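Participant: Here you go, work-v3.cif (mmCIF, C-alpha atoms):
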```cif
data_structure
loop_
_atom_site.label_atom_id
_atom_site.label_comp_id
_atom_site.auth_asym_id
_atom_site.auth_seq_id
_atom_site.Cartn_x
_atom_site.Cartn_y
_atom_site.Cartn_z
CA MET A 1 3.10 16.00 3.34
CA THR A 2 0.81 15.04 6.21
CA ARG A 3 2.83 11.94 7.02
CA ALA A 4 5.98 14.04 7.33
CA GLU A 5 4.43 15.57 10.47
CA PHE A 6 4.07 12.22 12.27
CA THR A 7 6.50 10.84 14.83
CA ARG A 8 7.67 7.58 13.28
CA PRO A 9 10.33 4.92 13.82
CA HIS A 10 13.27 4.25 11.53
CA SER A 11 15.89 1.53 11.15
CA PRO A 12 19.48 2.05 12.41
CA ALA A 13 20.62 2.81 8.84
CA GLY A 14 17.42 4.63 7.90
CA ASP A 15 16.66 8.30 7.41
CA PRO A 16 14.19 9.67 9.99
CA ASP A 17 13.62 12.77 7.83
CA ALA A 18 13.03 10.83 4.62
CA GLN A 19 9.40 11.81 4.11
CA ARG A 20 10.15 15.51 4.41
CA ARG A 21 13.07 15.21 1.98
CA LEU A 22 10.94 13.39 -0.59
CA CYS A 23 8.15 15.97 -0.39
CA GLN A 24 10.37 19.04 -0.47
CA GLY A 25 8.72 21.82 -2.45
CA MET A 26 5.29 20.23 -2.57
CA PRO A 27 2.28 22.35 -1.56
CA PRO A 28 0.62 21.57 1.77
CA ALA A 29 -1.89 18.72 1.64
CA TRP A 30 -5.41 18.79 3.08
CA VAL A 31 -6.72 15.43 4.26
CA GLY A 32 -9.57 16.55 6.53
CA ARG A 33 -11.43 13.73 8.20
CA LEU A 34 -8.96 11.18 6.80
CA TYR A 35 -6.17 12.43 9.09
CA PRO A 36 -6.80 9.91 11.92
CA HIS A 37 -7.08 7.07 9.38
CA LEU A 38 -3.79 8.10 7.75
CA GLU A 39 -2.13 8.21 11.14
CA ALA A 40 -3.47 4.75 12.02
CA ARG A 41 -2.46 3.08 8.80
CA THR A 42 0.98 4.75 8.80
CA ARG A 43 1.63 3.19 12.19
CA PHE A 44 0.32 -0.18 10.99
CA PHE A 45 2.45 -0.35 7.84
CA ASP A 46 5.57 0.96 9.57
CA ASP A 47 5.18 -1.88 12.06
CA GLN A 48 4.72 -4.40 9.24
CA VAL A 49 7.95 -3.33 7.53
CA LEU A 50 9.96 -3.39 10.75
CA ALA A 51 8.58 -6.81 11.67
CA ALA A 52 9.28 -8.24 8.21
CA VAL A 53 12.86 -6.98 8.20
CA ALA A 54 13.39 -8.33 11.72
CA ARG A 55 12.33 -11.82 10.64
CA GLY A 56 14.65 -11.79 7.62
CA ILE A 57 12.37 -10.75 4.76
CA ALA A 58 14.69 -9.29 2.09
CA GLN A 59 12.09 -8.12 -0.46
CA VAL A 60 9.48 -5.42 0.12
CA VAL A 61 7.05 -4.77 -2.72
CA ILE A 62 5.08 -1.52 -2.51
CA LEU A 63 2.08 -1.35 -4.84
CA GLY A 64 1.05 2.21 -5.63
CA ALA A 65 4.13 3.51 -3.82
CA GLY A 66 3.69 7.18 -4.67
CA TYR A 67 6.02 9.16 -2.40
CA ASP A 68 6.25 6.42 0.25
CA ASP A 69 9.51 6.91 2.18
CA ARG A 70 9.92 3.47 3.72
CA ALA A 71 12.78 2.37 1.45
CA LEU A 72 14.76 5.28 2.94
CA ARG A 73 13.29 5.29 6.44
CA PHE A 74 13.80 1.55 6.95
CA ARG A 75 16.92 1.10 4.82
CA THR A 76 18.59 -2.15 5.89
CA PRO A 77 21.60 -3.90 4.34
CA GLY A 78 20.43 -6.79 2.15
CA VAL A 79 16.80 -5.61 1.92
CA ARG A 80 15.53 -4.54 -1.49
CA TYR A 81 12.45 -2.42 -2.12
CA PHE A 82 10.41 -2.74 -5.31
CA GLU A 83 8.15 0.27 -5.81
CA LEU A 84 5.40 0.08 -8.44
CA ASP A 85 3.41 3.11 -9.56
CA HIS A 86 2.29 5.19 -12.54
CA PRO A 87 5.13 6.18 -14.93
CA GLY A 88 4.63 9.91 -14.33
CA THR A 89 4.86 9.52 -10.57
CA GLN A 90 7.89 7.27 -10.85
CA ALA A 91 9.76 9.73 -13.07
CA ASP A 92 9.30 12.53 -10.54
CA LYS A 93 10.16 10.33 -7.60
CA ARG A 94 13.35 9.17 -9.32
CA LEU A 95 14.48 12.79 -9.65
CA ARG A 96 13.75 13.37 -5.99
CA LEU A 97 15.60 10.24 -4.92
CA GLU A 98 18.58 11.18 -7.08
CA ALA A 99 18.78 14.46 -5.16
CA ILE A 100 19.09 12.58 -1.84
CA PRO A 101 22.50 11.01 -1.11
CA GLY A 102 22.08 7.25 -1.46
CA GLY A 103 18.41 7.70 -2.27
CA LEU A 104 18.32 4.95 -4.88
CA VAL A 105 20.37 2.41 -2.93
CA GLY A 106 18.30 -0.76 -2.55
CA VAL A 107 15.34 0.76 -4.41
CA THR A 108 13.89 -0.40 -7.73
CA LEU A 109 11.27 1.88 -9.30
CA ALA A 110 9.00 0.05 -11.74
CA PRO A 111 6.44 1.98 -13.83
CA ILE A 112 3.03 0.33 -14.17
CA ASP A 113 -0.58 1.06 -14.99
CA PHE A 114 -2.66 -1.20 -12.75
CA ARG A 115 -5.59 -0.99 -15.18
CA THR A 116 -3.69 -2.66 -18.03
CA ASP A 117 -0.35 -4.08 -16.87
CA ASP A 118 0.37 -7.40 -15.18
CA VAL A 119 1.97 -6.97 -11.74
CA GLY A 120 3.59 -10.40 -11.93
CA LEU A 121 5.27 -9.63 -15.25
CA VAL A 122 6.43 -6.22 -14.08
CA LEU A 123 8.00 -7.71 -10.94
CA ALA A 124 9.64 -10.45 -13.00
CA GLY A 125 11.13 -7.81 -15.27
CA CYS A 126 12.71 -5.77 -12.48
CA GLY A 127 14.56 -8.49 -10.62
CA HIS A 128 12.09 -9.64 -7.98
CA ASP A 129 12.85 -13.22 -6.85
CA PRO A 130 9.67 -15.37 -6.60
CA GLU A 131 11.55 -18.04 -4.65
CA ARG A 132 12.19 -15.74 -1.70
CA PRO A 133 9.47 -14.45 0.68
CA SER A 134 8.27 -10.89 0.27
CA LEU A 135 6.29 -8.34 2.21
CA CYS A 136 3.80 -6.86 -0.23
CA ILE A 137 2.24 -3.51 0.75
CA CYS A 138 -0.96 -2.16 -0.81
CA GLU A 139 -1.78 0.92 1.26
CA GLY A 140 -4.65 3.21 0.31
CA VAL A 141 -4.79 1.88 -3.25
CA LEU A 142 -7.68 -0.56 -3.66
CA VAL A 143 -10.38 2.03 -2.95
CA TYR A 144 -9.39 3.77 -6.22
CA LEU A 145 -9.74 0.59 -8.32
CA ASP A 146 -12.77 -1.35 -9.50
CA GLN A 147 -13.14 -4.89 -8.24
CA PRO A 148 -11.84 -6.75 -11.34
CA THR A 149 -8.73 -4.56 -11.38
CA SER A 150 -8.18 -5.12 -7.66
CA VAL A 151 -8.38 -8.89 -8.11
CA ARG A 152 -5.91 -8.80 -11.02
CA LEU A 153 -3.55 -6.56 -9.05
CA LEU A 154 -3.57 -8.72 -5.93
CA GLY A 155 -3.55 -11.91 -8.01
CA GLY A 156 -0.43 -10.72 -9.80
CA ALA A 157 1.25 -10.09 -6.45
CA ARG A 158 0.14 -13.55 -5.31
CA SER A 159 1.80 -15.11 -8.37
CA ARG A 160 5.18 -13.85 -7.10
CA ALA A 161 4.60 -14.68 -3.42
CA ALA A 162 6.79 -17.48 -2.09
CA GLY A 163 5.85 -19.35 1.06
CA GLY A 164 6.32 -17.10 4.07
CA SER A 165 5.25 -13.99 2.18
CA THR A 166 2.80 -11.48 3.66
CA LEU A 167 0.35 -9.07 2.09
CA ALA A 168 -0.43 -5.94 4.12
CA ALA A 169 -3.28 -3.87 2.71
CA THR A 170 -6.00 -1.36 3.54
CA LEU A 171 -9.62 -2.13 2.69
CA ALA A 172 -12.31 0.54 2.54
CA VAL A 173 -15.42 -0.87 4.23
CA HIS A 174 -18.93 0.06 5.29
CA ALA A 175 -21.45 -1.49 7.65
CA ALA A 176 -23.36 -4.53 6.43
CA GLY A 177 -26.78 -3.81 4.95
CA MET A 178 -25.83 -0.57 3.21
CA ASP A 179 -25.85 -0.13 -0.57
CA SER A 180 -22.21 -0.02 -1.71
CA ALA A 181 -22.88 2.13 -4.78
CA GLN A 182 -24.66 4.72 -2.64
CA VAL A 183 -21.83 4.68 -0.09
CA VAL A 184 -19.26 5.30 -2.84
CA ALA A 185 -21.31 8.13 -4.34
CA ALA A 186 -21.76 9.81 -0.95
CA ALA A 187 -18.07 9.46 -0.13
CA ASN A 188 -16.98 11.00 -3.44
CA ALA A 189 -19.41 13.88 -2.97
CA ARG A 190 -17.44 14.88 0.14
CA ARG A 191 -14.02 14.67 -1.51
CA ARG A 192 -12.22 17.55 -3.22
CA ALA A 193 -10.28 15.21 -5.54
CA SER A 194 -13.17 12.96 -6.51
CA SER A 195 -13.43 14.23 -10.11
CA ALA A 196 -9.78 13.45 -10.85
CA GLU A 197 -9.36 10.37 -8.64
CA PRO A 198 -12.75 8.92 -7.69
CA TRP A 199 -13.06 6.19 -5.13
CA GLN A 200 -14.55 3.07 -6.69
CA THR A 201 -14.60 0.20 -4.21
CA ILE A 202 -16.07 0.40 -0.70
CA LEU A 203 -17.64 -2.86 0.45
CA PRO A 204 -18.77 -4.68 3.58
CA ALA A 205 -15.89 -6.44 5.31
CA ALA A 206 -17.13 -9.88 4.23
CA ALA A 207 -17.16 -8.83 0.57
CA GLN A 208 -13.63 -7.41 0.86
CA ILE A 209 -12.43 -10.67 2.38
CA ASP A 210 -14.01 -12.56 -0.53
CA LEU A 211 -12.23 -10.25 -2.97
CA LEU A 212 -8.87 -11.13 -1.42
CA ASP A 213 -9.79 -14.81 -1.49
CA ARG A 214 -10.46 -14.58 -5.23
CA ALA A 215 -7.04 -13.02 -5.64
CA GLY A 216 -5.37 -15.93 -3.81
CA TRP A 217 -4.83 -14.44 -0.35
CA VAL A 218 -6.05 -15.69 3.04
CA ILE A 219 -6.53 -13.02 5.69
CA ASP A 220 -4.72 -13.62 8.98
CA GLU A 221 -5.64 -10.40 10.78
CA ALA A 222 -8.00 -7.49 10.16
CA ILE A 223 -7.73 -4.38 12.33
CA ASP A 224 -10.28 -1.59 12.30
CA ASP A 225 -8.50 1.78 12.22
CA ALA A 226 -10.78 2.89 15.05
CA THR A 227 -9.04 0.50 17.46
CA MET A 228 -5.62 2.12 17.00
CA GLY A 229 -6.18 5.14 19.23
CA THR A 230 -6.04 7.90 16.60
CA GLY A 231 -9.72 8.84 16.62
CA ALA A 232 -10.52 7.13 13.32
CA THR A 233 -14.18 6.43 12.52
CA PRO A 234 -15.27 2.80 13.09
CA GLU A 235 -16.21 0.57 10.14
CA HIS A 236 -14.53 2.78 7.56
CA SER A 237 -11.14 1.16 6.99
CA LEU A 238 -9.47 -2.13 7.80
CA SER A 239 -5.73 -2.75 7.83
CA ILE A 240 -5.13 -6.42 7.10
CA THR A 241 -2.39 -8.98 6.80
CA ALA A 242 -2.78 -12.07 4.63
CA ARG A 243 -0.77 -15.07 3.53
CA PRO A 244 -0.62 -16.77 0.13
CA GLY A 245 -3.52 -19.18 -0.35
CA PRO A 246 -4.58 -21.24 -3.37
CA ALA A 247 -3.89 -19.67 -6.75
CA ALA A 248 -6.09 -16.72 -7.71
CA ARG A 249 -9.59 -17.64 -8.94
CA GLY A 250 -10.22 -14.33 -10.67
CA VAL A 251 -13.46 -12.34 -10.68
#
```
Hey, can you dump this file as structure tokens for me?
Facilitator:
Amino acid sequence: MTRAEFTRPHSPAGDPDAQRRLCQGMPPAWVGRLYPHLEARTRFFDDQVLAAVARGIAQVVILGAGYDDRALRFRTPGVRYFELDHPGTQADKRLRLEAIPGGLVGVTLAPIDFRTDDVGLVLAGCGHDPERPSLCICEGVLVYLDQPTSVRLLGGARSRAAGGSTLAATLAVHAAGMDSAQVVAAANARRRASSAEPWQTILPAAAQIDLLDRAGWVIDEAIDDATMGTGATPEHSLSITARPGPAARGV
């Protein structure tokens, strides 16, 4: 709902009002101090999709897609979007997409529980081609998962990543020297939704980079949200791109 208020780009064949259409009938959302971070990362991931499509990437995998509108906003002939999320969310999103003319064109919705299911197997079962490069998006997801689950999730994506693939992800971080458990507890104490969807993983940047390394990804670029001109707080969130490295080492 908040993202529908932003001024955003779209592809020539894309729907500039896609986010509003997808969220029709939903109650207003309150994001508070996260607003500038959401604005920063929306800009970052929009740019990543546009750049990937421009260089010929034909597969976009969105992990924890929720009501992401990019398959509609950046619709491009020959580009296929694979959206993975909880079965309940996917069922509702399918109904919403069916109500939009052409809403399911080029979109594959795959139900998954990241805590128990294998991302690689789910992608294999829905037609993803591991021989072709992909852009894999993991936006605002990892903070809700514990570290072993994050490594399995990203490792599963790595198992399907051909040469030339890119991972774009957000990492919740804190300054070095702080106690991560205390940071997580303090952050959840400020959140209205913490009882239903607690944050679990906020780490120093170096520890987050190590987590990605264990999952088989090598970071190319890490951008602090605070540098993107939206007023985001420094050392709270990084938007990163990474390339496939050696196979995942696990936890």
Participant: Can you pull out the residues contacting Met1 of chain A? Cut-off 6 Å, using all atoms listed in the file, and skip same-chain residues under 2 positions away; I want them as JSON, numbers by chain.
Facilitator: {"A": [3, 4, 29]}
Participant: Which residues come within 8 Å of Tyr81 of chain A, counting all atoms listed in the file, excluding same-chain residues fewer than 4 positions away, as a PyMOL selection string?
Facilitator: chain A and resi 59-62+71+106-108
Participant: Could you please determine the separation between atom CA of Tyr67 of chain A and atom CA of Ile112 of chain A in Å, to one decimal place?
Facilitator: 15.0 Å
Participant: With only C-alpha atoms as the atoms that count, which of A:Thr230, A:Gln200, A:Thr166, A:Thr7 lies nearest to Glu39 of chain A?
Facilitator: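 Closest residue, counting only C-alpha atoms: A:Thr230.
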Participant: Which residues fall under the PyMOL selection byres ((chain A and resi 137) around 9) in this file, as a PDB file with C-alpha atoms, in the frame of the given file?
Facilitator:
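New file result_18.pdb:
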```pdb
ATOM      1  CA  PHE A  45       2.450  -0.350   7.840  1.00  0.00           C
ATOM      2  CA  GLN A  48       4.720  -4.400   9.240  1.00  0.00           C
ATOM      3  CA  VAL A  49       7.950  -3.330   7.530  1.00  0.00           C
ATOM      4  CA  VAL A  60       9.480  -5.420   0.120  1.00  0.00           C
ATOM      5  CA  VAL A  61       7.050  -4.770  -2.720  1.00  0.00           C
ATOM      6  CA  ILE A  62       5.080  -1.520  -2.510  1.00  0.00           C
ATOM      7  CA  LEU A  63       2.080  -1.350  -4.840  1.00  0.00           C
ATOM      8  CA  GLY A  64       1.050   2.210  -5.630  1.00  0.00           C
ATOM      9  CA  ALA A  65       4.130   3.510  -3.820  1.00  0.00           C
ATOM     10  CA  LEU A 135       6.290  -8.340   2.210  1.00  0.00           C
ATOM     11  CA  CYS A 136       3.800  -6.860  -0.230  1.00  0.00           C
ATOM     12  CA  CYS A 138      -0.960  -2.160  -0.810  1.00  0.00           C
ATOM     13  CA  GLU A 139      -1.780   0.920   1.260  1.00  0.00           C
ATOM     14  CA  THR A 166       2.800 -11.480   3.660  1.00  0.00           C
ATOM     15  CA  LEU A 167       0.350  -9.070   2.090  1.00  0.00           C
ATOM     16  CA  ALA A 168      -0.430  -5.940   4.120  1.00  0.00           C
ATOM     17  CA  ALA A 169      -3.280  -3.870   2.710  1.00  0.00           C
ATOM     18  CA  THR A 170      -6.000  -1.360   3.540  1.00  0.00           C
TER      19      THR A 170
END
```
Participant: Within 12 Å of Pro244 of chain A, counting all atoms listed in the file, which residues qualify if same-chain residues fewer than 5 places away don't, as number ranges by chain?
Facilitator: A: 133-136, 154-168, 212-220
Participant: With C-alpha atoms retained, export the selected residues as a PDB file, in the coordinates of the input.
Facilitator:
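As a result, out.pdb now contains:
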```
ATOM      1  CA  PRO A 133       9.470 -14.450   0.680  1.00  0.00           C
ATOM      2  CA  SER A 134       8.270 -10.890   0.270  1.00  0.00           C
ATOM      3  CA  LEU A 135       6.290  -8.340   2.210  1.00  0.00           C
ATOM      4  CA  CYS A 136       3.800  -6.860  -0.230  1.00  0.00           C
ATOM      5  CA  LEU A 154      -3.570  -8.720  -5.930  1.00  0.00           C
ATOM      6  CA  GLY A 155      -3.550 -11.910  -8.010  1.00  0.00           C
ATOM      7  CA  GLY A 156      -0.430 -10.720  -9.800  1.00  0.00           C
ATOM      8  CA  ALA A 157       1.250 -10.090  -6.450  1.00  0.00           C
ATOM      9  CA  ARG A 158       0.140 -13.550  -5.310  1.00  0.00           C
ATOM     10  CA  SER A 159       1.800 -15.110  -8.370  1.00  0.00           C
ATOM     11  CA  ARG A 160       5.180 -13.850  -7.100  1.00  0.00           C
ATOM     12  CA  ALA A 161       4.600 -14.680  -3.420  1.00  0.00           C
ATOM     13  CA  ALA A 162       6.790 -17.480  -2.090  1.00  0.00           C
ATOM     14  CA  GLY A 163       5.850 -19.350   1.060  1.00  0.00           C
ATOM     15  CA  GLY A 164       6.320 -17.100   4.070  1.00  0.00           C
ATOM     16  CA  SER A 165       5.250 -13.990   2.180  1.00  0.00           C
ATOM     17  CA  THR A 166       2.800 -11.480   3.660  1.00  0.00           C
ATOM     18  CA  LEU A 167       0.350  -9.070   2.090  1.00  0.00           C
ATOM     19  CA  ALA A 168      -0.430  -5.940   4.120  1.00  0.00           C
ATOM     20  CA  LEU A 212      -8.870 -11.130  -1.420  1.00  0.00           C
ATOM     21  CA  ASP A 213      -9.790 -14.810  -1.490  1.00  0.00           C
ATOM     22  CA  ARG A 214     -10.460 -14.580  -5.230  1.00  0.00           C
ATOM     23  CA  ALA A 215      -7.040 -13.020  -5.640  1.00  0.00           C
ATOM     24  CA  GLY A 216      -5.370 -15.930  -3.810  1.00  0.00           C
ATOM     25  CA  TRP A 217      -4.830 -14.440  -0.350  1.00  0.00           C
ATOM     26  CA  VAL A 218      -6.050 -15.690   3.040  1.00  0.00           C
ATOM     27  CA  ILE A 219      -6.530 -13.020   5.690  1.00  0.00           C
ATOM     28  CA  ASP A 220      -4.720 -13.620   8.980  1.00  0.00           C
TER      29      ASP A 220
END
```
Participant: Which residues match the PyMOL selection byres ((chain A and resi 122-128) around 9) in the file above, as a list in words?
Facilitator: Gln59, Val61, Arg80, Phe82, Leu84, Thr108, Leu109, Ala110, Pro111, Ile112, Asp117, Asp118, Val119, Gly120, Leu121, Asp129, Pro130, Arg132, Ala157 and Arg160 of chain A
Participant: By how many Å are atom CA of Met26 of chain A and atom CA of Asp92 of chain A apart?
Facilitator: 11.8 Å
Participant: Of the residues A:Leu203, A:Ala40, A:Ala54, A:Ala13, which is the one nearest to Ser239 of chain A, using only C-alpha atoms?
Facilitator: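 Distance minimum relative to Ser239 of chain A lands on A:Ala40.
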Participant: What do you get, as a list in words, if you spell out every residue that the PyMOL selection byres ((chain A and resi 207) around 12) selects here?
Facilitator: Gln147, Leu171, Ala172, Val173, His174, Ala175, Ala176, Gly177, Ser180, Thr201, Ile202, Leu203, Pro204, Ala205, Ala206, Gln208, Ile209, Asp210, Leu211, Leu212, Asp213 and Arg214 of chain A
Participant: Would you list the contacts of Asp224 of chain A as a PyMOL selection string, taking every protein, DNA or RNA residue within 7 Å and counting all atoms listed in the file, but skipping same-chain residues closer than 5 positions in sequence?
Facilitator: chain A and resi 234-235+237-239
Participant: Pro148 of chain A: which residues within 10 Å, counting only C-alpha atoms, same-chain residues fewer than 2 positions away excluded, as a list in words?
Facilitator: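 That gives Arg115, Leu145, Asp146, Ser150, Val151, Arg152, Leu153, Leu211, Ala215, Gly250 and Val251 of chain A.
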Participant: Give the answer as one residue: which of A:Leu38, A:Ala99, A:Ala58, A:Val105 has the shortest atom-to-atom distance to Gly14 of chain A, using all atoms listed in the file?
Facilitator: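 Looking at the shortest contact to Gly14 of chain A, the residue is A:Val105.
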Participant: Please work out which residues fall within 10 Å of (11.6, 18.6, -5.4), coordinates as given in the file, with all atoms listed in the file counting, and return them as a list in words.
Facilitator: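 All residues meeting the 10 Å criterion around (11.6, 18.6, -5.4) are Arg21, Leu22, Cys23, Gln24, Gly25, Met26, Asp92, Lys93, Leu95, Arg96, Leu97 and Ala99 of chain A.
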Participant: What does the distance between atom CA of His86 of chain A and atom CA of Val141 of chain A come to in Å, to one decimal place?
Facilitator: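 A separation of 12.1 Å between them.
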